[in-house]
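Heads up, structure.json below (JSON, C-alpha atoms):
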[["chain", "number", "residue", "atom", "x", "y", "z"],
["A", 97, "MET", "CA", 54.31, -65.05, 133.09],
["A", 98, "PRO", "CA", 55.86, -68.48, 132.22],
["A", 99, "HIS", "CA", 56.82, -68.99, 128.60],
["A", 100, "PRO", "CA", 56.72, -72.28, 126.71],
["A", 101, "PRO", "CA", 59.38, -74.42, 128.38],
["A", 102, "SER", "CA", 62.43, -75.85, 126.71],
["A", 103, "ARG", "CA", 62.87, -79.61, 126.89],
["A", 104, "PRO", "CA", 63.40, -80.78, 130.50],
["A", 105, "LEU", "CA", 66.77, -82.26, 131.46],
["A", 106, "ALA", "CA", 65.16, -84.25, 134.29],
["A", 107, "GLU", "CA", 61.69, -84.56, 135.80],
["A", 108, "GLY", "CA", 60.28, -85.48, 139.18],
["A", 109, "PRO", "CA", 56.69, -85.74, 140.41],
["A", 110, "ARG", "CA", 56.23, -81.97, 140.82],
["A", 111, "VAL", "CA", 59.19, -80.24, 139.16],
["A", 112, "ALA", "CA", 61.24, -80.36, 136.00],
["A", 113, "LEU", "CA", 64.78, -79.10, 135.46],
["A", 114, "ARG", "CA", 65.56, -77.17, 132.37],
["A", 115, "PRO", "CA", 68.53, -75.10, 131.27],
["A", 116, "PHE", "CA", 68.58, -71.32, 131.51],
["A", 117, "THR", "CA", 67.67, -69.44, 128.34],
["A", 118, "LEU", "CA", 67.90, -65.73, 127.64],
["A", 119, "ASP", "CA", 64.11, -65.78, 127.12],
["A", 120, "ASP", "CA", 63.64, -66.60, 130.83],
["A", 121, "GLY", "CA", 64.84, -63.12, 131.80],
["A", 122, "PRO", "CA", 61.48, -61.38, 132.33],
["A", 123, "GLU", "CA", 60.06, -64.14, 134.57],
["A", 124, "PHE", "CA", 63.32, -64.75, 136.44],
["A", 125, "THR", "CA", 63.95, -61.08, 137.22],
["A", 126, "ALA", "CA", 60.32, -60.47, 138.26],
["A", 127, "ARG", "CA", 60.53, -63.43, 140.65],
["A", 128, "ALA", "CA", 63.90, -62.20, 141.96],
["A", 129, "ARG", "CA", 62.41, -58.77, 142.72],
["A", 130, "GLU", "CA", 59.40, -60.38, 144.45],
["A", 131, "SER", "CA", 61.76, -62.52, 146.55],
["A", 132, "LYS", "CA", 64.21, -59.92, 147.88],
["A", 133, "ASP", "CA", 62.97, -60.26, 151.46],
["A", 134, "LEU", "CA", 63.47, -64.03, 151.29],
["A", 135, "HIS", "CA", 66.93, -63.83, 149.73],
["A", 136, "ARG", "CA", 68.58, -61.05, 151.71],
["A", 137, "PRO", "CA", 71.26, -61.04, 153.11],
["A", 138, "TRP", "CA", 72.30, -64.43, 151.68],
["A", 139, "LEU", "CA", 71.62, -64.19, 147.98],
["A", 140, "PHE", "CA", 71.47, -61.56, 145.25],
["A", 141, "PRO", "CA", 70.10, -63.08, 142.03],
["A", 142, "PRO", "CA", 69.88, -60.79, 139.00],
["A", 143, "ASP", "CA", 66.82, -58.55, 139.06],
["A", 144, "SER", "CA", 67.30, -56.50, 135.90],
["A", 145, "ASP", "CA", 67.33, -57.45, 132.22],
["A", 146, "GLU", "CA", 71.01, -56.52, 131.83],
["A", 147, "ALA", "CA", 72.14, -58.39, 134.95],
["A", 148, "TYR", "CA", 70.12, -61.46, 133.95],
["A", 149, "ALA", "CA", 71.57, -61.50, 130.42],
["A", 150, "ASP", "CA", 75.10, -61.43, 131.86],
["A", 151, "TYR", "CA", 74.32, -64.08, 134.51],
["A", 152, "ALA", "CA", 72.48, -66.47, 132.19],
["A", 153, "GLY", "CA", 75.05, -65.92, 129.45],
["A", 154, "ARG", "CA", 77.83, -67.15, 131.74],
["A", 155, "LEU", "CA", 75.78, -70.22, 132.71],
["A", 156, "ILE", "CA", 75.02, -70.99, 129.08],
["A", 157, "GLU", "CA", 78.50, -70.39, 127.63],
["A", 158, "ASP", "CA", 81.02, -71.29, 130.37],
["A", 159, "PRO", "CA", 81.90, -75.03, 130.41],
["A", 160, "ALA", "CA", 82.82, -74.71, 134.11],
["A", 161, "ARG", "CA", 79.18, -73.89, 134.98],
["A", 162, "VAL", "CA", 75.79, -75.50, 134.46],
["A", 163, "GLY", "CA", 72.58, -73.72, 135.38],
["A", 164, "PHE", "CA", 69.20, -75.33, 136.05],
["A", 165, "LEU", "CA", 65.81, -73.72, 136.41],
["A", 166, "VAL", "CA", 63.56, -75.63, 138.78],
["A", 167, "CYS", "CA", 60.09, -75.34, 137.23],
["A", 168, "GLU", "CA", 56.70, -76.44, 138.49],
["A", 169, "LYS", "CA", 55.42, -79.15, 136.19],
["A", 170, "ASP", "CA", 51.77, -78.14, 136.34],
["A", 171, "SER", "CA", 52.27, -74.49, 135.38],
["A", 172, "GLY", "CA", 55.83, -74.24, 134.05],
["A", 173, "ALA", "CA", 56.50, -71.41, 136.54],
["A", 174, "ILE", "CA", 60.10, -70.99, 137.68],
["A", 175, "ALA", "CA", 60.21, -72.05, 141.35],
["A", 176, "GLY", "CA", 63.95, -71.51, 141.79],
["A", 177, "PHE", "CA", 67.37, -72.19, 140.38],
["A", 178, "ILE", "CA", 70.33, -74.43, 141.10],
["A", 179, "ASN", "CA", 73.71, -73.86, 139.53],
["A", 180, "ILE", "CA", 76.83, -75.99, 139.49],
["A", 181, "ASN", "CA", 79.77, -73.57, 139.44],
["A", 182, "ASN", "CA", 83.54, -73.97, 139.39],
["A", 183, "ILE", "CA", 83.41, -77.39, 137.76],
["A", 184, "VAL", "CA", 86.86, -78.96, 137.83],
["A", 185, "ARG", "CA", 87.50, -82.02, 135.69],
["A", 186, "GLY", "CA", 90.44, -84.43, 135.68],
["A", 187, "GLY", "CA", 91.12, -86.20, 138.96],
["A", 188, "PHE", "CA", 88.79, -83.90, 140.92],
["A", 189, "GLN", "CA", 85.43, -84.14, 139.02],
["A", 190, "CYS", "CA", 83.82, -81.65, 141.40],
["A", 191, "GLY", "CA", 81.47, -78.68, 141.28],
["A", 192, "ALA", "CA", 80.12, -76.14, 143.77],
["A", 193, "LEU", "CA", 76.36, -75.70, 144.07],
["A", 194, "GLY", "CA", 74.55, -72.41, 144.44],
["A", 195, "TYR", "CA", 70.76, -72.21, 144.69],
["A", 196, "GLY", "CA", 67.74, -70.17, 145.57],
["A", 197, "ALA", "CA", 63.98, -70.60, 145.79],
["A", 198, "PHE", "CA", 61.59, -67.87, 144.77],
["A", 199, "ALA", "CA", 59.13, -66.62, 147.38],
["A", 200, "HIS", "CA", 56.00, -68.11, 145.79],
["A", 201, "ALA", "CA", 57.62, -71.58, 145.94],
["A", 202, "ALA", "CA", 59.46, -71.40, 149.27],
["A", 203, "GLY", "CA", 58.59, -74.02, 151.87],
["A", 204, "ARG", "CA", 56.75, -76.29, 149.43],
["A", 205, "GLY", "CA", 59.48, -78.92, 148.94],
["A", 206, "LEU", "CA", 60.01, -78.00, 145.30],
["A", 207, "MET", "CA", 63.67, -77.10, 145.76],
["A", 208, "ARG", "CA", 64.29, -80.33, 147.66],
["A", 209, "GLU", "CA", 62.91, -82.27, 144.70],
["A", 210, "GLY", "CA", 64.88, -80.09, 142.29],
["A", 211, "LEU", "CA", 68.10, -80.61, 144.23],
["A", 212, "GLU", "CA", 67.63, -84.39, 144.05],
["A", 213, "LEU", "CA", 67.25, -84.11, 140.28],
["A", 214, "VAL", "CA", 70.37, -81.92, 139.99],
["A", 215, "ILE", "CA", 72.39, -84.37, 142.09],
["A", 216, "GLY", "CA", 71.27, -87.23, 139.83],
["A", 217, "TYR", "CA", 72.17, -85.22, 136.73],
["A", 218, "ALA", "CA", 75.55, -84.17, 138.17],
["A", 219, "PHE", "CA", 76.52, -87.71, 139.16],
["A", 220, "GLY", "CA", 74.99, -89.17, 136.00],
["A", 221, "PRO", "CA", 75.27, -87.34, 132.65],
["A", 222, "LEU", "CA", 77.79, -84.74, 133.92],
["A", 223, "GLY", "CA", 80.04, -87.45, 135.36],
["A", 224, "LEU", "CA", 80.93, -85.55, 138.54],
["A", 225, "HIS", "CA", 82.17, -87.35, 141.64],
["A", 226, "ARG", "CA", 81.69, -84.65, 144.29],
["A", 227, "LEU", "CA", 79.39, -81.69, 144.88],
["A", 228, "GLU", "CA", 80.08, -78.95, 147.41],
["A", 229, "ILE", "CA", 77.85, -76.32, 149.00],
["A", 230, "ASN", "CA", 79.22, -73.31, 150.87],
["A", 231, "VAL", "CA", 76.63, -71.80, 153.23],
["A", 232, "GLN", "CA", 76.71, -68.90, 155.65],
["A", 233, "PRO", "CA", 76.14, -70.35, 159.16],
["A", 234, "GLY", "CA", 72.97, -68.31, 159.78],
["A", 235, "ASN", "CA", 71.22, -69.47, 156.60],
["A", 236, "ALA", "CA", 69.11, -72.17, 158.24],
["A", 237, "ALA", "CA", 66.97, -72.90, 155.16],
["A", 238, "SER", "CA", 70.01, -73.51, 152.95],
["A", 239, "ILE", "CA", 71.67, -75.69, 155.57],
["A", 240, "ALA", "CA", 68.47, -77.72, 155.98],
["A", 241, "LEU", "CA", 68.30, -78.26, 152.21],
["A", 242, "ALA", "CA", 71.93, -79.45, 152.10],
["A", 243, "ARG", "CA", 71.52, -81.73, 155.13],
["A", 244, "GLY", "CA", 68.22, -83.14, 153.84],
["A", 245, "ALA", "CA", 69.87, -84.09, 150.54],
["A", 246, "GLY", "CA", 72.56, -86.06, 152.35],
["A", 247, "PHE", "CA", 75.42, -83.57, 152.27],
["A", 248, "ARG", "CA", 77.82, -83.82, 155.21],
["A", 249, "LEU", "CA", 79.38, -80.89, 157.04],
["A", 250, "GLU", "CA", 83.10, -80.96, 156.32],
["A", 251, "GLY", "CA", 84.33, -77.73, 157.84],
["A", 252, "PHE", "CA", 84.13, -74.05, 158.58],
["A", 253, "SER", "CA", 85.95, -71.33, 156.65],
["A", 254, "PRO", "CA", 86.17, -67.85, 158.14],
["A", 255, "ASN", "CA", 85.92, -64.91, 155.72],
["A", 256, "MET", "CA", 85.53, -67.29, 152.78],
["A", 257, "ILE", "CA", 83.25, -65.56, 150.25],
["A", 258, "TYR", "CA", 82.57, -61.87, 149.59],
["A", 259, "VAL", "CA", 78.80, -61.35, 149.99],
["A", 260, "ASP", "CA", 76.83, -58.15, 150.52],
["A", 261, "GLY", "CA", 79.88, -55.92, 150.98],
["A", 262, "ALA", "CA", 81.94, -58.10, 153.35],
["A", 263, "TRP", "CA", 83.89, -61.33, 153.56],
["A", 264, "ARG", "CA", 81.55, -63.87, 155.18],
["A", 265, "ASP", "CA", 82.15, -67.07, 157.11],
["A", 266, "HIS", "CA", 80.86, -70.24, 155.45],
["A", 267, "GLU", "CA", 80.22, -73.83, 156.38],
["A", 268, "ARG", "CA", 81.44, -76.33, 153.79],
["A", 269, "TRP", "CA", 79.10, -79.21, 152.94],
["A", 270, "ALA", "CA", 79.84, -82.02, 150.47],
["A", 271, "LEU", "CA", 78.33, -85.08, 148.84],
["A", 272, "THR", "CA", 80.11, -87.77, 146.81],
["A", 273, "THR", "CA", 78.85, -90.55, 144.59],
["A", 274, "GLU", "CA", 79.96, -93.08, 147.24],
["A", 275, "MET", "CA", 77.85, -91.34, 149.89],
["A", 276, "ARG", "CA", 74.79, -91.62, 147.62],
["A", 277, "THR", "CA", 75.48, -95.30, 146.97],
["A", 278, "GLU", "CA", 75.94, -96.03, 150.69],
["A", 279, "ALA", "CA", 72.75, -94.16, 151.59],
["A", 280, "ALA", "CA", 70.77, -96.20, 149.03],
["A", 281, "GLN", "CA", 71.94, -99.58, 150.32],
["A", 282, "PRO", "CA", 69.62, -101.40, 152.75],
["A", 283, "ARG", "CA", 70.93, -101.67, 156.28]]
Can I see the file as structure tokens?
Amino acid sequence: MPHPPSRPLAEGPRVALRPFTLDDGPEFTARARESKDLHRPWLFPPDSDEAYADYAGRLIEDPARVGFLVCEKDSGAIAGFININNIVRGGFQCGALGYGAFAHAAGRGLMREGLELVIGYAFGPLGLHRLEINVQPGNAASIALARGAGFRLEGFSPNMIYVDGAWRDHERWALTTEMRTEAAQPR
């Protein structure tokens, strides 16, 4: 199923990040269909060719978004995706993360490694200062990923984002470049 990968943007021991391409549609949508039970009711990635083309097209063309495919280095298979949305420049230098693992890769630590690479890319080449994650309170796996990457809980927003036919409550998590620097310093 995997096609020859484009050049990685960043690599770790087990995963590589690469940008979305339109050619990734068949693998991405097949993995999204296989992962519906894992994703619902939190996430609804595109699972048809048309929906993928629209989704990937926005990530490729919109300067306020950057999309990353988290791929297994040994096989090139897409393990998941992490997007930085709503990038605001100027004095804010912030973006909002959205992510999802595919079922075959869930629970293997691949997304954790991928998230570390995205954070490094965001705070490095992209020049961002702050990343935010908005998570529904019942999504334990997503909260664990945010917490494990050093994000701090900053608040709770009732009826914040429209998901699956209703306005849903979300916890707001954030990470700044200073938090990463402080965490890396010996105590």
### Message
Can you measure CA of Gln232 in chain A to CA of Glu267 in chain A for me? One decimal in Å is fine.
### Response
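That distance, rounded to one decimal, is 6.1 Å.
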Report as CSV: every residue of range 199-274 of chain A with an atom at most 8 Å from range 136-148 of chain A, its closest pair of atoms, and their distance in Å to one decimal, counting all atoms listed in the file, with rows sorted by chain and ascending residue number.
residue,atom,partner,partner_atom,distance
A:Gln232,CA,A:Trp138,CA,7.4
A:Asn235,CA,A:Trp138,CA,7.1
A:Val259,CA,A:Trp138,CA,7.4
A:Asp260,CA,A:Pro137,CA,6.8
### Message
Between A:Thr125, A:Asn230, A:Ser238, A:Thr117, which residue has the minimum interatomic distance to Arg208 in chain A, considering only C-alpha atoms?
### Response
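So, comparing all the options, the nearest one is A:Ser238.
Computed from the coordinates, the CA of Arg248 in chain A to CA of Arg268 in chain A distance equals 8.4 Å.
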### Query
Between A:Cys190, A:Val162, A:Ile156, A:Ala199, which is the closest to Asp133 in chain A once you count all atoms listed in the file?
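For Asp133 in chain A, the nearest of the candidates is A:Ala199.
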### Query
If I put a ball of radius 12 Å at (87.9, -80.8, 137.7) in the file's coordinates, which residues poke into it when counting all atoms listed in the file, written as a PyMOL selection string?
chain A and resi 159-161+181-192+222-227
Residue subset to file, keeping C-alpha atoms, as a CSV table (one decimal), keeping the file's coordinate frame:
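The result, written out as out-v4.csv:
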chain,number,residue,atom,x,y,z
A,159,PRO,CA,81.9,-75.0,130.4
A,160,ALA,CA,82.8,-74.7,134.1
A,161,ARG,CA,79.2,-73.9,135.0
A,181,ASN,CA,79.8,-73.6,139.4
A,182,ASN,CA,83.5,-74.0,139.4
A,183,ILE,CA,83.4,-77.4,137.8
A,184,VAL,CA,86.9,-79.0,137.8
A,185,ARG,CA,87.5,-82.0,135.7
A,186,GLY,CA,90.4,-84.4,135.7
A,187,GLY,CA,91.1,-86.2,139.0
A,188,PHE,CA,88.8,-83.9,140.9
A,189,GLN,CA,85.4,-84.1,139.0
A,190,CYS,CA,83.8,-81.6,141.4
A,191,GLY,CA,81.5,-78.7,141.3
A,192,ALA,CA,80.1,-76.1,143.8
A,222,LEU,CA,77.8,-84.7,133.9
A,223,GLY,CA,80.0,-87.4,135.4
A,224,LEU,CA,80.9,-85.6,138.5
A,225,HIS,CA,82.2,-87.4,141.6
A,226,ARG,CA,81.7,-84.6,144.3
A,227,LEU,CA,79.4,-81.7,144.9
### Query
Taking (74.5, -92.1, 143.6) in the file's coordinates, which residues come within 12 Å, counting only C-alpha atoms, written as a VMD selection string?
chain A and resid 212 to 221 223 to 227 245 to 246 271 to 281
### Query
With only C-alpha atoms as the atoms that count, which of A:Gly210, A:Gly176, A:Pro122, A:Gly205 lies nearest to His135 in chain A?
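Smallest distance to His135 in chain A is found for A:Gly176.
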